[in-house]
Amino acid sequence: MILRRLLLAAVLASTAGTALAGRQCEVREIEPEKSRLSMQLGDVTRAALGTIDDEVVLIARVGQDLEKYGLTYSHMGFAVREHPAGAWSVVHKLNRCGSTESALYDEGLVNFFADAPHRYQAGIWRLAPAAQRRLKTALLGEEARTFHQPHYNVVAYPFDTRYQNSNGWVLEMLAFAYAGEGEAPDRPAAQAWLKAHAYVPTQVEANILTRFGARFVNAQIVFDDLPPALLRAGQIQVVTVDSVIAWLCSLPDACQAPGCPETRLTLPPST
Amino acid sequence: MPAWAMLSLAPSLISADVSESLSKAMPGDAGKNKQMQVTAIRQQGDRTALTLRSKDGVTQVDTLVSSAAARAQAVQVNDMLDIETIGQTGFAVKKAGATLVVLARPDTGLVHSKART
């Protein structure tokens, strides 16, 4: 199975008697040492976030090794201070057990890094205060759902609302946060705003055989939202962490410092 | 970037039985102990239940560990296991440098997960 991720959270949730998204999922056992590393990175991240007074930051993890494709992080979400579920918690979109469905999750920092990452590394980006305020209200309220499309597609086209991948939800939440009041109240408006404000997705070259093969082996890959011209040219456009950050860097005053610098946290190899 | 690379970008949810290792909140003062002794072992399903007690007998922890990990480290009654503090978040229980289980402090809020319905 190509998509193999582990999440500590499901059984944790069951012990608390809460609804469990992953019950139907395959049960895997994570190595105790990986649990230790996840907790260590969660703790390091907590300590780093404790030194700033932000309410919301962008946070990313290295779920897979994508460096050979020029990408660093594979997945991102929002870390929210004083989240009702506890301390700094991450709000992000997860695919359910390799299915075509996804949900929004509230998770602790340890859980966020417990996804059997390729490398124990976190990226943090500090957003402008006004955007943080809008995001915090939205993330803890109903607006987070407004921008969520549960029909998951790993190669969802960023300017179509039929599907969405995990980073696509983050991008649309950012559009909501940075657009003027009432300018991006829903997904179509957010996508139009993103296009008008020069968001450029990552482009993937894929010939027809590759597309067919990918679709055949994985139901999460659907190309029917792609404009025909791009499809014919074999050019798949998708939201990635890197494309989101590159776009943020291009927006004036989107972050707390020019160039939207990353705070990178890693565990020493010997830990 | 080839399309196949994108396959790996999907963060999917697969429930993992591992979380048991984090589900046992450790008493706050347990972290003061550098070592704890195994006082009981029993098989519980496909996992191994351990009872650990501090040297002074004040703190007792019951936890479940991977049976594979317990076997690999030949964990037995009277073993002294090392308790390694992980920042302010929790503890790792180790034998001979190998992690057997990770325990979270109950009050940090760093270990939880819930899907929005």
# chains A, B, ... in the order shown; residues from 1 in each chain; ligands from 1
>>> residues_around(residues="Ile124 of chain A", least_positions_apart="3", cutoff="6 Å", atoms="only C-alpha atoms", output="PDB file with N, CA and C atoms, in the first residue's frame")
ATOM      1  N   LEU A  58       1.038  28.777  10.903  1.00  0.00           N
ATOM      2  CA  LEU A  58       1.030  27.674   9.938  1.00  0.00           C
ATOM      3  C   LEU A  58       2.070  26.663  10.384  1.00  0.00           C
ATOM      4  N   ILE A  59       1.747  25.401  10.303  1.00  0.00           N
ATOM      5  CA  ILE A  59       2.695  24.370  10.738  1.00  0.00           C
ATOM      6  C   ILE A  59       2.697  23.231   9.717  1.00  0.00           C
ATOM      7  N   GLU A 262      10.725  31.002   7.644  1.00  0.00           N
ATOM      8  CA  GLU A 262      10.323  29.750   8.298  1.00  0.00           C
ATOM      9  C   GLU A 262      11.109  29.559   9.597  1.00  0.00           C
ATOM     10  N   THR A 263      10.419  29.134  10.618  1.00  0.00           N
ATOM     11  CA  THR A 263      11.091  28.632  11.816  1.00  0.00           C
ATOM     12  C   THR A 263      11.133  27.115  11.680  1.00  0.00           C
TER      13      THR A 263
END
>>> select_by_dssp(residues="segment 61-248 of chain A", states="strand (DSSP E)", output="PDB file with N, CA and C atoms, in the first residue's frame")
ATOM      1  N   ARG A  61       4.710  19.366   8.310  1.00  0.00           N
ATOM      2  CA  ARG A  61       5.522  18.192   8.659  1.00  0.00           C
ATOM      3  C   ARG A  61       6.058  17.541   7.381  1.00  0.00           C
ATOM      4  N   VAL A  62       7.055  16.715   7.575  1.00  0.00           N
ATOM      5  CA  VAL A  62       7.680  16.019   6.444  1.00  0.00           C
ATOM      6  C   VAL A  62       7.194  14.567   6.464  1.00  0.00           C
ATOM      7  N   HIS A  75       2.711  18.129   4.214  1.00  0.00           N
ATOM      8  CA  HIS A  75       1.374  18.348   4.791  1.00  0.00           C
ATOM      9  C   HIS A  75       1.413  19.505   5.766  1.00  0.00           C
ATOM     10  N   MET A  76       0.341  20.294   5.777  1.00  0.00           N
ATOM     11  CA  MET A  76       0.317  21.423   6.702  1.00  0.00           C
ATOM     12  C   MET A  76      -1.058  21.641   7.313  1.00  0.00           C
ATOM     13  N   GLY A  77      -1.056  22.399   8.393  1.00  0.00           N
ATOM     14  CA  GLY A  77      -2.298  22.762   9.067  1.00  0.00           C
ATOM     15  C   GLY A  77      -2.074  24.038   9.851  1.00  0.00           C
ATOM     16  N   PHE A  78      -3.007  24.337  10.741  1.00  0.00           N
ATOM     17  CA  PHE A  78      -2.887  25.526  11.580  1.00  0.00           C
ATOM     18  C   PHE A  78      -2.738  25.097  13.033  1.00  0.00           C
ATOM     19  N   ALA A  79      -1.743  25.623  13.715  1.00  0.00           N
ATOM     20  CA  ALA A  79      -1.645  25.409  15.159  1.00  0.00           C
ATOM     21  C   ALA A  79      -2.302  26.596  15.845  1.00  0.00           C
ATOM     22  N   VAL A  80      -3.193  26.296  16.772  1.00  0.00           N
ATOM     23  CA  VAL A  80      -4.026  27.319  17.413  1.00  0.00           C
ATOM     24  C   VAL A  80      -3.733  27.350  18.911  1.00  0.00           C
ATOM     25  N   SER A  89      -3.093  23.312  19.690  1.00  0.00           N
ATOM     26  CA  SER A  89      -3.583  22.152  18.952  1.00  0.00           C
ATOM     27  C   SER A  89      -3.608  22.469  17.469  1.00  0.00           C
ATOM     28  N   VAL A  90      -3.514  21.432  16.678  1.00  0.00           N
ATOM     29  CA  VAL A  90      -3.470  21.610  15.223  1.00  0.00           C
ATOM     30  C   VAL A  90      -4.842  21.301  14.633  1.00  0.00           C
ATOM     31  N   VAL A  91      -5.307  22.197  13.783  1.00  0.00           N
ATOM     32  CA  VAL A  91      -6.525  21.952  13.011  1.00  0.00           C
ATOM     33  C   VAL A  91      -6.073  21.675  11.582  1.00  0.00           C
ATOM     34  N   HIS A  92      -6.419  20.510  11.089  1.00  0.00           N
ATOM     35  CA  HIS A  92      -6.001  20.165   9.724  1.00  0.00           C
ATOM     36  C   HIS A  92      -6.947  19.164   9.121  1.00  0.00           C
ATOM     37  N   LYS A  93      -6.740  18.936   7.836  1.00  0.00           N
ATOM     38  CA  LYS A  93      -7.616  18.025   7.091  1.00  0.00           C
ATOM     39  C   LYS A  93      -6.880  16.718   6.868  1.00  0.00           C
ATOM     40  N   LEU A  94      -7.558  15.629   7.187  1.00  0.00           N
ATOM     41  CA  LEU A  94      -6.970  14.309   6.975  1.00  0.00           C
ATOM     42  C   LEU A  94      -7.885  13.457   6.119  1.00  0.00           C
ATOM     43  N   ASN A  95      -7.260  12.710   5.285  1.00  0.00           N
ATOM     44  CA  ASN A  95      -7.983  11.705   4.527  1.00  0.00           C
ATOM     45  C   ASN A  95      -8.304  10.539   5.453  1.00  0.00           C
ATOM     46  N   ARG A  96      -9.468   9.971   5.291  1.00  0.00           N
ATOM     47  CA  ARG A  96      -9.855   8.859   6.165  1.00  0.00           C
ATOM     48  C   ARG A  96      -9.391   7.534   5.590  1.00  0.00           C
ATOM     49  N   SER A 102     -12.616  12.794   3.522  1.00  0.00           N
ATOM     50  CA  SER A 102     -11.714  13.443   4.470  1.00  0.00           C
ATOM     51  C   SER A 102     -12.541  14.128   5.544  1.00  0.00           C
ATOM     52  N   ALA A 103     -11.855  14.539   6.585  1.00  0.00           N
ATOM     53  CA  ALA A 103     -12.518  15.277   7.665  1.00  0.00           C
ATOM     54  C   ALA A 103     -11.519  16.265   8.248  1.00  0.00           C
ATOM     55  N   LEU A 104     -12.049  17.262   8.932  1.00  0.00           N
ATOM     56  CA  LEU A 104     -11.194  18.168   9.686  1.00  0.00           C
ATOM     57  C   LEU A 104     -10.944  17.552  11.053  1.00  0.00           C
ATOM     58  N   TYR A 105      -9.714  17.671  11.508  1.00  0.00           N
ATOM     59  CA  TYR A 105      -9.319  17.090  12.790  1.00  0.00           C
ATOM     60  C   TYR A 105      -8.726  18.159  13.698  1.00  0.00           C
ATOM     61  N   ASP A 106      -9.006  18.004  14.963  1.00  0.00           N
ATOM     62  CA  ASP A 106      -8.322  18.780  15.991  1.00  0.00           C
ATOM     63  C   ASP A 106      -7.392  17.804  16.699  1.00  0.00           C
ATOM     64  N   GLU A 107      -6.105  18.110  16.676  1.00  0.00           N
ATOM     65  CA  GLU A 107      -5.134  17.163  17.237  1.00  0.00           C
ATOM     66  C   GLU A 107      -4.058  17.872  18.054  1.00  0.00           C
ATOM     67  N   GLY A 108      -3.541  17.140  19.005  1.00  0.00           N
ATOM     68  CA  GLY A 108      -2.411  17.645  19.761  1.00  0.00           C
ATOM     69  C   GLY A 108      -1.149  17.635  18.914  1.00  0.00           C
ATOM     70  N   ARG A 119      10.898  12.460   8.178  1.00  0.00           N
ATOM     71  CA  ARG A 119      11.927  13.129   8.966  1.00  0.00           C
ATOM     72  C   ARG A 119      11.229  13.895  10.085  1.00  0.00           C
ATOM     73  N   TYR A 120      11.826  13.909  11.254  1.00  0.00           N
ATOM     74  CA  TYR A 120      11.222  14.607  12.384  1.00  0.00           C
ATOM     75  C   TYR A 120      11.606  16.077  12.301  1.00  0.00           C
ATOM     76  N   GLN A 121      10.823  16.791  11.551  1.00  0.00           N
ATOM     77  CA  GLN A 121      11.079  18.203  11.283  1.00  0.00           C
ATOM     78  C   GLN A 121       9.748  18.943  11.201  1.00  0.00           C
ATOM     79  N   ALA A 122       9.714  20.120  11.784  1.00  0.00           N
ATOM     80  CA  ALA A 122       8.525  20.961  11.712  1.00  0.00           C
ATOM     81  C   ALA A 122       8.888  22.288  11.074  1.00  0.00           C
ATOM     82  N   GLY A 123       7.987  22.800  10.267  1.00  0.00           N
ATOM     83  CA  GLY A 123       8.119  24.148   9.718  1.00  0.00           C
ATOM     84  C   GLY A 123       7.012  25.005  10.299  1.00  0.00           C
ATOM     85  N   ILE A 124       7.375  26.192  10.745  1.00  0.00           N
ATOM     86  CA  ILE A 124       6.386  27.109  11.328  1.00  0.00           C
ATOM     87  C   ILE A 124       6.508  28.457  10.631  1.00  0.00           C
ATOM     88  N   TRP A 125       5.373  29.029  10.268  1.00  0.00           N
ATOM     89  CA  TRP A 125       5.349  30.347   9.647  1.00  0.00           C
ATOM     90  C   TRP A 125       4.386  31.234  10.428  1.00  0.00           C
ATOM     91  N   ARG A 126       4.861  32.430  10.730  1.00  0.00           N
ATOM     92  CA  ARG A 126       4.086  33.363  11.554  1.00  0.00           C
ATOM     93  C   ARG A 126       3.319  34.335  10.657  1.00  0.00           C
ATOM     94  N   THR A 202       1.644  23.971  -7.661  1.00  0.00           N
ATOM     95  CA  THR A 202       2.747  23.138  -8.142  1.00  0.00           C
ATOM     96  C   THR A 202       2.266  22.367  -9.367  1.00  0.00           C
ATOM     97  N   GLN A 203       3.111  22.303 -10.379  1.00  0.00           N
ATOM     98  CA  GLN A 203       2.722  21.595 -11.595  1.00  0.00           C
ATOM     99  C   GLN A 203       3.395  20.238 -11.677  1.00  0.00           C
ATOM    100  N   VAL A 204       2.597  19.247 -11.991  1.00  0.00           N
ATOM    101  CA  VAL A 204       3.073  17.872 -12.102  1.00  0.00           C
ATOM    102  C   VAL A 204       2.923  17.430 -13.540  1.00  0.00           C
ATOM    103  N   GLU A 205       3.980  16.897 -14.096  1.00  0.00           N
ATOM    104  CA  GLU A 205       3.887  16.377 -15.464  1.00  0.00           C
ATOM    105  C   GLU A 205       3.437  14.922 -15.404  1.00  0.00           C
ATOM    106  N   GLN A 235      -0.520  18.193 -17.766  1.00  0.00           N
ATOM    107  CA  GLN A 235      -0.048  19.098 -16.726  1.00  0.00           C
ATOM    108  C   GLN A 235      -1.053  19.114 -15.566  1.00  0.00           C
ATOM    109  N   ILE A 236      -0.671  18.454 -14.495  1.00  0.00           N
ATOM    110  CA  ILE A 236      -1.532  18.385 -13.319  1.00  0.00           C
ATOM    111  C   ILE A 236      -1.124  19.500 -12.369  1.00  0.00           C
ATOM    112  N   GLN A 237      -2.084  20.281 -11.944  1.00  0.00           N
ATOM    113  CA  GLN A 237      -1.773  21.380 -11.017  1.00  0.00           C
ATOM    114  C   GLN A 237      -2.401  21.079  -9.664  1.00  0.00           C
ATOM    115  N   VAL A 238      -1.603  21.227  -8.616  1.00  0.00           N
ATOM    116  CA  VAL A 238      -2.044  20.754  -7.300  1.00  0.00           C
ATOM    117  C   VAL A 238      -1.505  21.694  -6.216  1.00  0.00           C
TER     118      VAL A 238
END
>>> closest_residue(among="B:Ala98, B:Ile86, B:Ala104, B:Leu50", to="Ala69 of chain B", atoms="only C-alpha atoms")
B:Ala98
>>> select_by_dssp(residues="segment 82-254 of chain A", states="alpha helix (DSSP H)", output="mmCIF file with N, CA and C atoms, in the first residue's frame")
data_model
loop_
_atom_site.group_PDB
_atom_site.id
_atom_site.type_symbol
_atom_site.label_atom_id
_atom_site.label_comp_id
_atom_site.auth_asym_id
_atom_site.auth_seq_id
_atom_site.Cartn_x
_atom_site.Cartn_y
_atom_site.Cartn_z
ATOM 1 N N LEU A 109 -0.165 18.397 19.358
ATOM 2 C CA LEU A 109 1.082 18.481 18.589
ATOM 3 C C LEU A 109 1.761 17.121 18.464
ATOM 4 N N VAL A 110 1.672 16.321 19.500
ATOM 5 C CA VAL A 110 2.302 14.997 19.427
ATOM 6 C C VAL A 110 1.625 14.161 18.341
ATOM 7 N N ASN A 111 0.306 14.217 18.308
ATOM 8 C CA ASN A 111 -0.415 13.455 17.294
ATOM 9 C C ASN A 111 -0.060 13.937 15.882
ATOM 10 N N PHE A 112 0.093 15.246 15.746
ATOM 11 C CA PHE A 112 0.391 15.802 14.421
ATOM 12 C C PHE A 112 1.682 15.221 13.859
ATOM 13 N N PRO A 129 -0.900 39.614 12.205
ATOM 14 C CA PRO A 129 -1.861 39.560 13.323
ATOM 15 C C PRO A 129 -3.330 39.596 12.887
ATOM 16 N N ALA A 130 -3.652 40.415 11.916
ATOM 17 C CA ALA A 130 -5.054 40.500 11.487
ATOM 18 C C ALA A 130 -5.530 39.157 10.918
ATOM 19 N N ALA A 131 -4.658 38.528 10.152
ATOM 20 C CA ALA A 131 -5.015 37.221 9.580
ATOM 21 C C ALA A 131 -5.164 36.179 10.692
ATOM 22 N N GLN A 132 -4.297 36.261 11.672
ATOM 23 C CA GLN A 132 -4.410 35.330 12.801
ATOM 24 C C GLN A 132 -5.769 35.445 13.488
ATOM 25 N N ARG A 133 -6.189 36.675 13.693
ATOM 26 C CA ARG A 133 -7.465 36.877 14.395
ATOM 27 C C ARG A 133 -8.618 36.281 13.602
ATOM 28 N N ARG A 134 -8.607 36.520 12.303
ATOM 29 C CA ARG A 134 -9.695 35.966 11.478
ATOM 30 C C ARG A 134 -9.634 34.444 11.467
ATOM 31 N N LEU A 135 -8.415 33.939 11.380
ATOM 32 C CA LEU A 135 -8.269 32.482 11.327
ATOM 33 C C LEU A 135 -8.706 31.827 12.624
ATOM 34 N N LYS A 136 -8.336 32.413 13.727
ATOM 35 C CA LYS A 136 -8.661 31.756 14.995
ATOM 36 C C LYS A 136 -10.177 31.614 15.158
ATOM 37 N N THR A 137 -10.881 32.693 14.856
ATOM 38 C CA THR A 137 -12.344 32.640 14.951
ATOM 39 C C THR A 137 -12.906 31.595 13.987
ATOM 40 N N ALA A 138 -12.364 31.591 12.779
ATOM 41 C CA ALA A 138 -12.874 30.658 11.771
ATOM 42 C C ALA A 138 -12.538 29.212 12.112
ATOM 43 N N LEU A 139 -11.318 28.996 12.583
ATOM 44 C CA LEU A 139 -10.881 27.620 12.850
ATOM 45 C C LEU A 139 -11.613 27.007 14.036
ATOM 46 N N LEU A 140 -11.959 27.832 14.991
ATOM 47 C CA LEU A 140 -12.660 27.305 16.159
ATOM 48 C C LEU A 140 -14.172 27.355 15.970
ATOM 49 N N GLU A 143 -16.793 28.330 10.282
ATOM 50 C CA GLU A 143 -16.272 28.714 8.962
ATOM 51 C C GLU A 143 -15.219 27.740 8.443
ATOM 52 N N ALA A 144 -14.567 27.042 9.362
ATOM 53 C CA ALA A 144 -13.590 26.053 8.904
ATOM 54 C C ALA A 144 -14.258 25.016 8.012
ATOM 55 N N ARG A 145 -15.499 24.692 8.323
ATOM 56 C CA ARG A 145 -16.232 23.707 7.509
ATOM 57 C C ARG A 145 -16.644 24.293 6.166
ATOM 58 N N THR A 146 -16.905 25.580 6.148
ATOM 59 C CA THR A 146 -17.352 26.224 4.907
ATOM 60 C C THR A 146 -16.347 25.986 3.785
ATOM 61 N N SER A 166 -5.516 18.037 1.278
ATOM 62 C CA SER A 166 -5.343 18.599 2.625
ATOM 63 C C SER A 166 -4.794 20.021 2.591
ATOM 64 N N ASN A 167 -3.803 20.220 1.754
ATOM 65 C CA ASN A 167 -3.199 21.544 1.700
ATOM 66 C C ASN A 167 -4.111 22.549 1.000
ATOM 67 N N GLY A 168 -5.028 22.048 0.184
ATOM 68 C CA GLY A 168 -6.002 22.923 -0.470
ATOM 69 C C GLY A 168 -6.929 23.588 0.533
ATOM 70 N N TRP A 169 -7.291 22.823 1.558
ATOM 71 C CA TRP A 169 -8.136 23.424 2.599
ATOM 72 C C TRP A 169 -7.384 24.550 3.323
ATOM 73 N N VAL A 170 -6.135 24.329 3.625
ATOM 74 C CA VAL A 170 -5.322 25.370 4.277
ATOM 75 C C VAL A 170 -5.259 26.616 3.386
ATOM 76 N N LEU A 171 -5.022 26.391 2.110
ATOM 77 C CA LEU A 171 -4.896 27.520 1.182
ATOM 78 C C LEU A 171 -6.188 28.342 1.148
ATOM 79 N N GLU A 172 -7.314 27.654 1.105
ATOM 80 C CA GLU A 172 -8.578 28.394 1.025
ATOM 81 C C GLU A 172 -8.885 29.111 2.341
ATOM 82 N N MET A 173 -8.476 28.524 3.444
ATOM 83 C CA MET A 173 -8.630 29.228 4.732
ATOM 84 C C MET A 173 -7.767 30.488 4.743
ATOM 85 N N LEU A 174 -6.593 30.402 4.155
ATOM 86 C CA LEU A 174 -5.726 31.582 4.093
ATOM 87 C C LEU A 174 -6.355 32.660 3.210
ATOM 88 N N ALA A 175 -6.974 32.243 2.115
ATOM 89 C CA ALA A 175 -7.653 33.219 1.258
ATOM 90 C C ALA A 175 -8.735 33.938 2.051
ATOM 91 N N PHE A 176 -9.497 33.180 2.803
ATOM 92 C CA PHE A 176 -10.536 33.783 3.649
ATOM 93 C C PHE A 176 -9.917 34.798 4.613
ATOM 94 N N ALA A 177 -8.785 34.436 5.183
ATOM 95 C CA ALA A 177 -8.167 35.290 6.208
ATOM 96 C C ALA A 177 -7.584 36.572 5.626
ATOM 97 N N TYR A 178 -7.057 36.493 4.415
ATOM 98 C CA TYR A 178 -6.376 37.662 3.851
ATOM 99 C C TYR A 178 -7.287 38.519 2.978
ATOM 100 N N ARG A 187 -16.006 28.711 -0.808
ATOM 101 C CA ARG A 187 -14.942 28.111 -1.618
ATOM 102 C C ARG A 187 -14.819 28.730 -3.015
ATOM 103 N N PRO A 188 -15.919 28.896 -3.748
ATOM 104 C CA PRO A 188 -15.750 29.504 -5.089
ATOM 105 C C PRO A 188 -15.124 30.893 -5.010
ATOM 106 N N ALA A 189 -15.558 31.677 -4.045
ATOM 107 C CA ALA A 189 -15.016 33.035 -3.923
ATOM 108 C C ALA A 189 -13.553 32.995 -3.492
ATOM 109 N N ALA A 190 -13.234 32.081 -2.609
ATOM 110 C CA ALA A 190 -11.838 31.973 -2.157
ATOM 111 C C ALA A 190 -10.937 31.571 -3.314
ATOM 112 N N GLN A 191 -11.398 30.642 -4.125
ATOM 113 C CA GLN A 191 -10.579 30.203 -5.262
ATOM 114 C C GLN A 191 -10.420 31.322 -6.290
ATOM 115 N N ALA A 192 -11.494 32.068 -6.503
ATOM 116 C CA ALA A 192 -11.395 33.197 -7.433
ATOM 117 C C ALA A 192 -10.427 34.240 -6.881
ATOM 118 N N TRP A 193 -10.488 34.458 -5.588
ATOM 119 C CA TRP A 193 -9.589 35.442 -4.955
ATOM 120 C C TRP A 193 -8.140 34.973 -5.072
ATOM 121 N N LEU A 194 -7.922 33.693 -4.879
ATOM 122 C CA LEU A 194 -6.561 33.153 -4.989
ATOM 123 C C LEU A 194 -6.014 33.334 -6.402
ATOM 124 N N LYS A 195 -6.875 33.080 -7.362
ATOM 125 C CA LYS A 195 -6.437 33.235 -8.760
ATOM 126 C C LYS A 195 -6.116 34.707 -9.043
ATOM 127 N N ALA A 196 -6.956 35.578 -8.527
ATOM 128 C CA ALA A 196 -6.733 37.010 -8.751
ATOM 129 C C ALA A 196 -5.505 37.524 -8.016
ATOM 130 N N ILE A 208 -0.678 10.245 -20.175
ATOM 131 C CA ILE A 208 -1.971 9.575 -20.022
ATOM 132 C C ILE A 208 -1.834 8.209 -19.336
ATOM 133 N N LEU A 209 -0.746 7.519 -19.633
ATOM 134 C CA LEU A 209 -0.561 6.211 -19.006
ATOM 135 C C LEU A 209 -0.333 6.357 -17.499
ATOM 136 N N THR A 210 0.419 7.364 -17.145
ATOM 137 C CA THR A 210 0.659 7.610 -15.727
ATOM 138 C C THR A 210 -0.651 7.960 -15.026
ATOM 139 N N ARG A 211 -1.437 8.791 -15.694
ATOM 140 C CA ARG A 211 -2.714 9.193 -15.094
ATOM 141 C C ARG A 211 -3.630 7.990 -14.934
ATOM 142 N N PHE A 212 -3.670 7.187 -15.970
ATOM 143 C CA PHE A 212 -4.524 6.004 -15.900
ATOM 144 C C PHE A 212 -4.051 5.069 -14.791
ATOM 145 N N GLY A 213 -2.750 4.876 -14.735
ATOM 146 C CA GLY A 213 -2.198 3.982 -13.721
ATOM 147 C C GLY A 213 -2.468 4.481 -12.320
ATOM 148 N N ALA A 214 -2.294 5.761 -12.121
ATOM 149 C CA ALA A 214 -2.515 6.331 -10.798
ATOM 150 C C ALA A 214 -3.969 6.188 -10.392
ATOM 151 N N ARG A 215 -4.850 6.477 -11.326
ATOM 152 C CA ARG A 215 -6.286 6.374 -11.029
ATOM 153 C C ARG A 215 -6.675 4.930 -10.737
ATOM 154 N N PHE A 216 -6.021 4.031 -11.463
ATOM 155 C CA PHE A 216 -6.372 2.615 -11.328
ATOM 156 C C PHE A 216 -5.992 2.081 -9.956
ATOM 157 N N VAL A 217 -4.848 2.488 -9.453
ATOM 158 C CA VAL A 217 -4.381 1.913 -8.188
ATOM 159 C C VAL A 217 -4.862 2.687 -6.975
ATOM 160 N N PRO A 228 -9.694 20.717 -19.447
ATOM 161 C CA PRO A 228 -9.302 19.811 -20.539
ATOM 162 C C PRO A 228 -7.952 20.152 -21.171
ATOM 163 N N ALA A 229 -7.668 21.430 -21.291
ATOM 164 C CA ALA A 229 -6.398 21.814 -21.942
ATOM 165 C C ALA A 229 -5.204 21.338 -21.121
ATOM 166 N N LEU A 230 -5.308 21.470 -19.819
ATOM 167 C CA LEU A 230 -4.215 21.000 -18.954
ATOM 168 C C LEU A 230 -4.129 19.483 -18.987
ATOM 169 N N LEU A 231 -5.297 18.848 -19.009
ATOM 170 C CA LEU A 231 -5.318 17.381 -19.035
ATOM 171 C C LEU A 231 -4.655 16.862 -20.310
ATOM 172 N N ARG A 232 -5.001 17.476 -21.432
ATOM 173 C CA ARG A 232 -4.419 17.044 -22.704
ATOM 174 C C ARG A 232 -2.908 17.242 -22.711
ATOM 175 N N ALA A 233 -2.477 18.308 -22.056
ATOM 176 C CA ALA A 233 -1.041 18.609 -22.021
ATOM 177 C C ALA A 233 -0.313 17.793 -20.956
ATOM 178 N N VAL A 241 2.496 22.292 0.026
ATOM 179 C CA VAL A 241 2.973 23.201 1.072
ATOM 180 C C VAL A 241 3.887 24.265 0.454
ATOM 181 N N ASP A 242 4.775 23.820 -0.394
ATOM 182 C CA ASP A 242 5.732 24.764 -0.980
ATOM 183 C C ASP A 242 5.041 25.841 -1.806
ATOM 184 N N SER A 243 4.008 25.458 -2.536
ATOM 185 C CA SER A 243 3.324 26.461 -3.358
ATOM 186 C C SER A 243 2.563 27.450 -2.475
ATOM 187 N N VAL A 244 2.030 26.965 -1.369
ATOM 188 C CA VAL A 244 1.318 27.860 -0.446
ATOM 189 C C VAL A 244 2.295 28.872 0.167
ATOM 190 N N ILE A 245 3.444 28.371 0.598
ATOM 191 C CA ILE A 245 4.423 29.264 1.229
ATOM 192 C C ILE A 245 4.985 30.259 0.212
ATOM 193 N N ALA A 246 5.259 29.785 -0.988
ATOM 194 C CA ALA A 246 5.773 30.697 -2.021
ATOM 195 C C ALA A 246 4.772 31.815 -2.285
ATOM 196 N N TRP A 247 3.509 31.450 -2.309
ATOM 197 C CA TRP A 247 2.472 32.468 -2.539
ATOM 198 C C TRP A 247 2.390 33.438 -1.351
ATOM 199 N N LEU A 248 2.448 32.900 -0.151
ATOM 200 C CA LEU A 248 2.414 33.767 1.038
ATOM 201 C C LEU A 248 3.554 34.781 0.994
ATOM 202 N N CYS A 249 4.723 34.297 0.602
ATOM 203 C CA CYS A 249 5.897 35.182 0.540
ATOM 204 C C CYS A 249 5.685 36.306 -0.472
ATOM 205 N N SER A 250 4.852 36.050 -1.465
ATOM 206 C CA SER A 250 4.635 37.058 -2.504
ATOM 207 C C SER A 250 3.594 38.098 -2.095
#
>>> closest_residue(among="A:Glu67, A:Arg162, A:Ala47, A:Glu101", to="Ala87 of chain A", atoms="only C-alpha atoms")
A:Ala47
>>> residues_around(residues="Ser66 of chain B", least_positions_apart="5", cutoff="9 Å", atoms="only C-alpha atoms", output="number ranges by chain")
A: 29, 31-32; B: 18, 21, 46-49, 71, 100-101
>>> closest_residue(among="B:Arg42, B:Arg105, B:Lys32, B:Arg53", to="chain A", atoms="only C-alpha atoms")
B:Arg105
>>> closest_residue(among="A:Gly70, A:Gly182, A:Pro227, A:Gly50", to="chain B", atoms="only C-alpha atoms")
A:Gly70
>>> closest_residue(among="A:Ala179, A:Leu251, A:Ala156, A:Leu267", to="Phe223 of chain A", atoms="only C-alpha atoms")
A:Ala156
>>> residues_around(residues="Thr89 of chain B", least_positions_apart="2", cutoff="12 Å", atoms="only C-alpha atoms", output="ChimeraX atom specification")
/A:36-47,87,108-110 /B:22,25-28,31,84-87,91-92,102-111
>>> write_last_selection(atoms="C-alpha atoms", output="short mmCIF file (atom, residue, chain, number, x, y, z; two decimals), in the first residue's frame")
data_model
loop_
_atom_site.label_atom_id
_atom_site.label_comp_id
_atom_site.auth_asym_id
_atom_site.auth_seq_id
_atom_site.Cartn_x
_atom_site.Cartn_y
_atom_site.Cartn_z
CA ARG A 36 9.12 8.75 21.52
CA LEU A 37 10.40 10.83 18.61
CA SER A 38 6.90 12.13 17.89
CA MET A 39 6.52 13.20 21.47
CA GLN A 40 9.92 14.80 21.46
CA LEU A 41 9.18 16.85 18.35
CA GLY A 42 5.79 17.78 19.76
CA ASP A 43 7.50 18.96 22.92
CA VAL A 44 10.15 20.93 21.03
CA THR A 45 7.41 22.57 18.98
CA ARG A 46 5.41 23.41 22.10
CA ALA A 47 8.47 25.04 23.60
CA ALA A 87 -2.74 23.90 24.66
CA GLY A 108 -2.41 17.64 19.76
CA LEU A 109 1.08 18.48 18.59
CA VAL A 110 2.30 15.00 19.43
CA LEU B 22 0.39 7.28 24.94
CA ALA B 25 -1.27 9.17 31.51
CA MET B 26 1.58 8.95 33.89
CA PRO B 27 1.25 10.51 37.34
CA GLY B 28 3.10 13.79 37.43
CA GLY B 31 8.86 11.58 36.23
CA GLU B 84 13.52 9.21 30.39
CA THR B 85 11.76 12.55 30.62
CA ILE B 86 10.61 14.07 27.32
CA GLY B 87 10.54 17.78 27.99
CA PHE B 91 8.23 10.01 29.55
CA ALA B 92 9.82 7.15 27.69
CA VAL B 102 5.83 6.33 25.82
CA LEU B 103 3.61 7.89 28.46
CA ALA B 104 2.06 11.32 28.28
CA ARG B 105 1.62 13.76 31.12
CA PRO B 106 -2.11 14.18 31.51
CA ASP B 107 -2.12 17.96 31.71
CA THR B 108 -0.19 19.07 28.64
CA GLY B 109 -2.94 18.93 26.03
CA LEU B 110 -0.45 17.73 23.45
CA VAL B 111 -1.94 14.28 22.97
#
